[in-house]
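So this block is model_35.cif, mmCIF, C-alpha atoms:
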```
data_structure
loop_
_atom_site.label_atom_id
_atom_site.label_comp_id
_atom_site.auth_asym_id
_atom_site.auth_seq_id
_atom_site.Cartn_x
_atom_site.Cartn_y
_atom_site.Cartn_z
CA MET A 1 -9.19 6.22 -37.00
CA ALA A 2 -7.36 3.28 -35.49
CA ARG A 3 -8.90 1.89 -32.33
CA VAL A 4 -6.77 2.32 -29.20
CA SER A 5 -6.03 -1.00 -27.52
CA GLN A 6 -6.83 -1.69 -23.88
CA GLU A 7 -3.14 -2.39 -23.34
CA HIS A 8 -2.32 1.14 -24.51
CA LEU A 9 -5.02 2.65 -22.28
CA ASP A 10 -3.74 0.72 -19.26
CA ALA A 11 -0.15 1.77 -19.95
CA ARG A 12 -1.17 5.42 -20.23
CA ARG A 13 -3.10 5.25 -16.97
CA ARG A 14 -0.08 3.63 -15.32
CA GLN A 15 2.14 6.42 -16.66
CA ILE A 16 -0.13 9.09 -15.18
CA LEU A 17 -0.42 7.39 -11.78
CA ASP A 18 3.34 6.87 -11.49
CA GLY A 19 4.05 10.46 -12.49
CA ALA A 20 1.51 11.84 -10.03
CA ALA A 21 2.95 9.66 -7.27
CA ARG A 22 6.41 11.06 -7.93
CA CYS A 23 5.07 14.61 -7.78
CA PHE A 24 3.16 14.00 -4.57
CA ALA A 25 6.15 12.29 -2.96
CA ARG A 26 8.46 15.12 -3.98
CA ASN A 27 6.32 18.14 -3.11
CA GLY A 28 3.29 16.94 -1.16
CA PHE A 29 -0.35 17.03 -2.19
CA HIS A 30 -1.05 20.72 -1.61
CA ALA A 31 2.09 22.02 -3.31
CA THR A 32 1.49 19.85 -6.39
CA SER A 33 -0.75 21.23 -9.13
CA MET A 34 -2.26 19.38 -12.05
CA GLN A 35 0.10 21.41 -14.22
CA ASP A 36 2.99 19.80 -12.31
CA VAL A 37 1.56 16.37 -13.08
CA LEU A 38 1.13 17.22 -16.77
CA LYS A 39 4.76 18.33 -16.95
CA GLU A 40 5.96 15.23 -15.09
CA VAL A 41 4.21 12.79 -17.41
CA ASP A 42 4.76 14.92 -20.54
CA LEU A 43 1.13 14.68 -21.65
CA SER A 44 -1.54 17.17 -22.64
CA ALA A 45 -4.31 18.20 -20.28
CA GLY A 46 -6.84 16.38 -22.47
CA ALA A 47 -4.86 13.15 -22.31
CA VAL A 48 -4.68 13.22 -18.51
CA TYR A 49 -8.23 14.43 -17.84
CA ARG A 50 -9.50 11.56 -19.98
CA TYR A 51 -8.51 9.29 -17.08
CA PHE A 52 -8.72 11.49 -13.98
CA SER A 53 -10.91 14.52 -13.24
CA GLY A 54 -8.32 16.13 -10.99
CA LYS A 55 -5.85 15.81 -8.16
CA ASP A 56 -8.27 14.32 -5.63
CA GLU A 57 -9.19 11.52 -8.00
CA LEU A 58 -5.51 10.79 -8.65
CA ILE A 59 -4.82 10.54 -4.92
CA ALA A 60 -7.81 8.24 -4.37
CA ALA A 61 -6.75 6.02 -7.28
CA ILE A 62 -3.22 5.63 -5.89
CA VAL A 63 -4.53 4.78 -2.40
CA THR A 64 -7.06 2.29 -3.79
CA GLU A 65 -4.44 0.58 -5.95
CA VAL A 66 -1.87 0.19 -3.20
CA LEU A 67 -4.37 -1.11 -0.65
CA GLY A 68 -5.75 -3.47 -3.29
CA GLY A 69 -2.26 -4.85 -3.89
CA ILE A 70 -1.78 -5.44 -0.17
CA ARG A 71 -5.18 -7.14 0.10
CA ASP A 72 -4.43 -9.42 -2.87
CA ALA A 73 -1.13 -10.51 -1.31
CA PHE A 74 -2.81 -11.49 1.94
CA GLU A 75 -5.73 -13.20 0.21
CA GLU A 76 -3.27 -15.28 -1.76
CA ALA A 77 -1.49 -16.23 1.47
CA ALA A 78 -4.79 -17.14 3.13
CA ARG A 79 -5.40 -19.80 0.47
CA GLN A 80 -2.33 -21.70 1.66
CA SER A 81 -2.65 -24.15 4.55
CA PRO A 82 -1.20 -22.98 6.80
CA PRO A 83 -0.36 -19.50 5.48
CA PRO A 84 3.29 -18.42 5.52
CA PRO A 85 4.40 -17.32 9.02
CA PRO A 86 3.96 -13.61 9.83
CA ASP A 87 7.63 -12.70 9.41
CA VAL A 88 7.74 -14.22 5.91
CA LEU A 89 4.36 -12.84 4.85
CA VAL A 90 4.86 -9.26 6.10
CA GLY A 91 8.38 -9.18 4.67
CA ARG A 92 7.05 -10.31 1.30
CA VAL A 93 4.32 -7.67 1.25
CA MET A 94 6.71 -4.93 2.35
CA THR A 95 9.06 -5.89 -0.46
CA GLN A 96 6.28 -5.74 -3.04
CA VAL A 97 4.68 -2.50 -1.90
CA LEU A 98 7.75 -0.54 -0.80
CA GLY A 99 10.05 -1.79 -3.54
CA LEU A 100 12.70 -2.84 -1.02
CA GLY A 101 15.67 -4.39 -2.74
CA GLY A 102 14.35 -3.62 -6.21
CA ALA A 103 11.45 -2.27 -8.17
CA GLY A 104 8.17 -2.18 -6.27
CA LYS A 105 5.25 -4.15 -7.59
CA LEU A 106 3.36 -0.91 -8.20
CA GLY A 107 6.31 0.96 -9.65
CA LEU A 108 5.81 3.97 -7.38
CA SER A 109 9.31 5.32 -6.97
CA TRP A 110 10.97 8.69 -6.49
CA GLU A 111 14.71 9.38 -6.52
CA GLY A 112 15.45 5.66 -6.35
CA GLU A 113 13.28 5.12 -3.26
CA ALA A 114 9.72 3.94 -2.84
CA SER A 115 7.15 6.73 -2.95
CA PHE A 116 4.54 4.83 -0.95
CA PRO A 117 5.86 5.57 2.57
CA ARG A 118 5.93 9.32 1.90
CA LEU A 119 2.52 9.17 0.26
CA MET A 120 1.10 7.10 3.10
CA VAL A 121 1.99 9.70 5.73
CA GLN A 122 0.47 12.44 3.58
CA VAL A 123 -2.69 10.42 3.02
CA TRP A 124 -3.17 9.93 6.75
CA THR A 125 -2.97 13.69 7.25
CA GLU A 126 -5.22 14.43 4.30
CA THR A 127 -7.97 12.09 5.51
CA LEU A 128 -8.43 14.31 8.59
CA ARG A 129 -9.85 17.06 6.35
CA ASP A 130 -11.10 15.17 3.28
CA SER A 131 -14.17 13.05 3.99
CA GLU A 132 -14.15 11.42 0.54
CA LEU A 133 -10.53 10.30 0.85
CA SER A 134 -11.24 9.15 4.40
CA LYS A 135 -14.03 6.97 3.01
CA VAL A 136 -11.68 5.45 0.41
CA LEU A 137 -9.04 4.74 3.05
CA ARG A 138 -11.51 3.23 5.52
CA GLU A 139 -12.97 0.97 2.85
CA GLY A 140 -9.51 -0.12 1.70
CA PHE A 141 -8.40 -0.77 5.27
CA GLY A 142 -11.52 -2.87 5.80
CA PHE A 143 -10.63 -5.07 2.81
CA VAL A 144 -7.04 -5.47 4.02
CA ARG A 145 -8.18 -6.30 7.55
CA THR A 146 -10.63 -8.92 6.26
CA ALA A 147 -7.84 -10.55 4.26
CA TRP A 148 -5.54 -10.55 7.29
CA VAL A 149 -8.26 -12.06 9.50
CA LYS A 150 -8.45 -14.97 7.04
CA VAL A 151 -4.68 -15.43 7.37
CA VAL A 152 -4.88 -15.46 11.18
CA GLU A 153 -7.77 -17.91 11.10
CA GLY A 154 -5.59 -20.12 8.89
CA TYR A 155 -2.88 -20.05 11.56
CA GLN A 156 -5.41 -20.94 14.25
CA GLU A 157 -7.01 -23.74 12.26
CA ALA A 158 -3.56 -25.23 11.61
CA GLY A 159 -2.81 -25.14 15.34
CA VAL A 160 0.22 -22.85 14.98
CA MET A 161 -1.40 -19.90 16.79
CA ARG A 162 -3.52 -19.67 19.91
CA ALA A 163 -7.20 -19.89 19.05
CA ASP A 164 -8.47 -18.09 22.17
CA ILE A 165 -7.41 -14.64 20.89
CA PRO A 166 -9.80 -12.90 18.44
CA ALA A 167 -8.40 -13.13 14.92
CA ASP A 168 -9.39 -9.51 14.28
CA HIS A 169 -7.22 -8.33 17.18
CA VAL A 170 -4.20 -10.15 15.79
CA ALA A 171 -4.93 -8.83 12.28
CA ARG A 172 -5.09 -5.23 13.47
CA THR A 173 -1.82 -5.62 15.34
CA MET A 174 -0.02 -7.06 12.32
CA ILE A 175 -1.36 -4.28 10.10
CA ALA A 176 -0.18 -1.72 12.63
CA THR A 177 3.28 -3.30 12.57
CA ALA A 178 3.47 -3.02 8.79
CA GLN A 179 2.14 0.55 8.84
CA GLY A 180 4.67 1.55 11.49
CA PHE A 181 7.53 0.10 9.48
CA ALA A 182 6.37 2.00 6.40
CA ALA A 183 6.13 5.20 8.45
CA GLN A 184 9.73 4.70 9.59
CA GLN A 185 10.73 4.49 5.94
CA ALA A 186 9.14 7.88 5.29
CA LEU A 187 10.55 9.59 8.39
CA PHE A 188 13.97 8.03 8.83
CA GLY A 189 14.95 6.61 5.47
CA PRO A 190 14.82 3.20 3.81
CA ALA A 191 15.55 -0.05 5.62
CA PRO A 192 15.65 -3.58 4.19
CA ALA A 193 12.69 -5.91 4.64
CA GLU A 194 14.96 -8.12 6.76
CA VAL A 195 14.59 -5.56 9.58
CA ILE A 196 10.87 -6.16 10.06
CA GLN A 197 11.26 -9.87 9.33
CA ASP A 198 13.94 -10.29 12.01
CA GLY A 199 11.93 -8.20 14.46
CA LEU A 200 8.82 -10.31 14.01
CA ARG A 201 10.87 -13.49 14.17
CA GLY A 202 12.35 -12.34 17.48
CA LEU A 203 8.93 -11.58 18.96
CA MET A 204 7.58 -14.91 17.72
CA SER A 205 10.43 -16.75 19.46
CA MET A 206 9.52 -15.61 22.97
CA GLU A 207 8.82 -18.33 25.49
CA PRO A 208 7.67 -18.21 29.14
CA PRO A 209 10.65 -17.88 31.54
CA ARG A 210 11.79 -21.16 33.01
#
```
With the file now loaded, output its structure as structure tokens.
Amino acid sequence: MARVSQEHLDARRRQILDGAARCFARNGFHATSMQDVLKEVDLSAGAVYRYFSGKDELIAAIVTEVLGGIRDAFEEAARQSPPPPPDVLVGRVMTQVLGLGGAGKLGLSWEGEASFPRLMVQVWTETLRDSELSKVLREGFGFVRTAWVKVVEGYQEAGVMRADIPADHVARTMIATAQGFAAQQALFGPAPAEVIQDGLRGLMSMEPPR
């Protein structure tokens, strides 16, 4: 029997994750069955269960992947001196994760729109009852926050941001801004990344009254 390549295995896993994301975005976690996922991806139960034991594992994998993508983007920015300004950096990450203006980096789309905002709101709700998913989300958030703290420290070391404010406080605020923008996408419809970029740019331009 021919040996299956790693490239094929990765592509199949990607196919399953994308299909599950579309199902979850369309119908929600509780209304989606594994049978729905099998139908969406047009694969047998054996093919899917080879990668994921069930719905909870699929949800955790999607959350882990998206948060990992966000963390990687910020870690890459932190290696620059100084890092890109907040409006540029957050706009870039929103474009990658939400697929604004084109295909998202993770390919999670549903009816031409990014699935992630809809999934994000559902994940927040689900973590209130699912301790395992809550653990995954907390751990992922911790990684993202650590990466953002490095970015803020880069700003402070370069002298472009006040150094007397804890970097963690700034990081949490910037994450909250990005999360809020994503939540608006889920609740009120898509908006271009320029919206959050312009908003941050406006806040950054404030000066003490003369």
- [ ] Select, from A:Ala60, A:Ala20, A:Ala77, A:Val170, the residue with the minimum atom-to-atom distance to A:Gly140, counting only C-alpha atoms.
- [x]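 Smallest distance to A:Gly140 is found for A:Ala60.
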Task: Point (9.6, -8.7, 10.6), cut-off 10 Å, counting only C-alpha atoms, residues as a ChimeraX atom specification - done: /A:86-92,94,174,177-178,181,193-204
Open item on the list: When you look at stretch 161-164 of chain A with a cut-off of 12 Å (counting all atoms listed in the file), what residues show up, excluding the ones that are within fewer than 6 positions of it in the same chain? I need them as number ranges by chain.
Closed with: A: 82-83, 85-86, 151-155, 170, 204
Task: Of the listed residues A:Val41, A:Ile59, A:Val97, A:Val121, that which approaches A:Gln184 most closely, counting all atoms listed in the file - done: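 With all atoms listed in the file as the atom set, the closest residue is A:Val121.
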- [ ] For atom CA of A:Glu207 and atom CA of A:Ala191, determine how far apart the two atoms are, in Å to one decimal place.
- [x] 27.8 Å
Task: A:Gly142, A:Pro117, A:Pro166, A:Pro209 ranked by distance to A:Phe188, top pick (using only C-alpha atoms) - done: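 Closest to A:Phe188 of all the choices is A:Pro117.
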Task: Distance criterion (only C-alpha atoms): nearest to A:Arg71 out of A:Lys55, A:His169, A:Arg210, A:Arg145 - done: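 Among the listed residues, A:Arg145 lies closest to A:Arg71.
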- [ ] Could you expand the PyMOL selection byres ((chain A and resi 16-18) around 8) into the explicit residues it covers here, written as a list of chain:residue names?
- [x]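 Written out, the selection comes to A:Arg12, A:Arg13, A:Arg14, A:Gln15, A:Gly19, A:Ala20, A:Ala21, A:Arg22, A:Val37, A:Val41, A:Val48, A:Leu58, A:Ala61, A:Ile62, A:Gly107, A:Leu108, A:Ser109.
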- [ ] Find the distance between atom CA of A:Lys150 and atom CA of A:Glu75 and write it in Å to one decimal.
- [x]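 Computing the Euclidean distance for atom CA of A:Lys150 and atom CA of A:Glu75 yields 7.6 Å.
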Task: d(atom CA of A:Leu133, atom CA of A:Tyr49) in Å - done: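 Between atom CA of A:Leu133 and atom CA of A:Tyr49 the gap is 19.3 Å.
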Open item on the list: From the options A:Thr95, A:Thr146, A:Ser131, A:Ser44, which residue's atoms come nearest to A:Arg172, counting only C-alpha atoms?
Closed with: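 Of all the options, A:Thr146 lies closest to A:Arg172.
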Give me the box for stretch 162-174 of chain A as lines of an AutoDock Vina configuration file, namely the centre and edge lengths in Å to one decimal of a box along x, y and z that holds every listed atom plus 6 Å on each side.
```
center_x = -4.9
center_y = -12.6
center_z = 17.2
size_x = 21.8
size_y = 26.7
size_z = 21.9
```
Task: Best match for closeness to A:Ala182 among A:Leu67, A:Met120, A:Ala158, A:Met206, counting all atoms listed in the file - done: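 Smallest distance to A:Ala182 is found for A:Met120.
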Can you tell me which residues surround A:Arg118 at a distance of at most 12 Å, considering only C-alpha atoms, apart from same-chain residues fewer than 2 positions away, and format the answer as a short mmCIF file (atom, residue, chain, number, x, y, z; two decimals) with C-alpha atoms, keeping the file's coordinate frame?
```
data_model
loop_
_atom_site.label_atom_id
_atom_site.label_comp_id
_atom_site.auth_asym_id
_atom_site.auth_seq_id
_atom_site.Cartn_x
_atom_site.Cartn_y
_atom_site.Cartn_z
CA ALA A 21 2.95 9.66 -7.27
CA ARG A 22 6.41 11.06 -7.93
CA CYS A 23 5.07 14.61 -7.78
CA PHE A 24 3.16 14.00 -4.57
CA ALA A 25 6.15 12.29 -2.96
CA ARG A 26 8.46 15.12 -3.98
CA ASN A 27 6.32 18.14 -3.11
CA GLY A 28 3.29 16.94 -1.16
CA PHE A 29 -0.35 17.03 -2.19
CA LEU A 98 7.75 -0.54 -0.80
CA LEU A 108 5.81 3.97 -7.38
CA SER A 109 9.31 5.32 -6.97
CA TRP A 110 10.97 8.69 -6.49
CA GLU A 113 13.28 5.12 -3.26
CA ALA A 114 9.72 3.94 -2.84
CA SER A 115 7.15 6.73 -2.95
CA PHE A 116 4.54 4.83 -0.95
CA MET A 120 1.10 7.10 3.10
CA VAL A 121 1.99 9.70 5.73
CA GLN A 122 0.47 12.44 3.58
CA VAL A 123 -2.69 10.42 3.02
CA TRP A 124 -3.17 9.93 6.75
CA THR A 125 -2.97 13.69 7.25
CA GLN A 179 2.14 0.55 8.84
CA ALA A 182 6.37 2.00 6.40
CA ALA A 183 6.13 5.20 8.45
CA GLN A 184 9.73 4.70 9.59
CA GLN A 185 10.73 4.49 5.94
CA ALA A 186 9.14 7.88 5.29
CA LEU A 187 10.55 9.59 8.39
CA PHE A 188 13.97 8.03 8.83
CA GLY A 189 14.95 6.61 5.47
CA PRO A 190 14.82 3.20 3.81
#
```
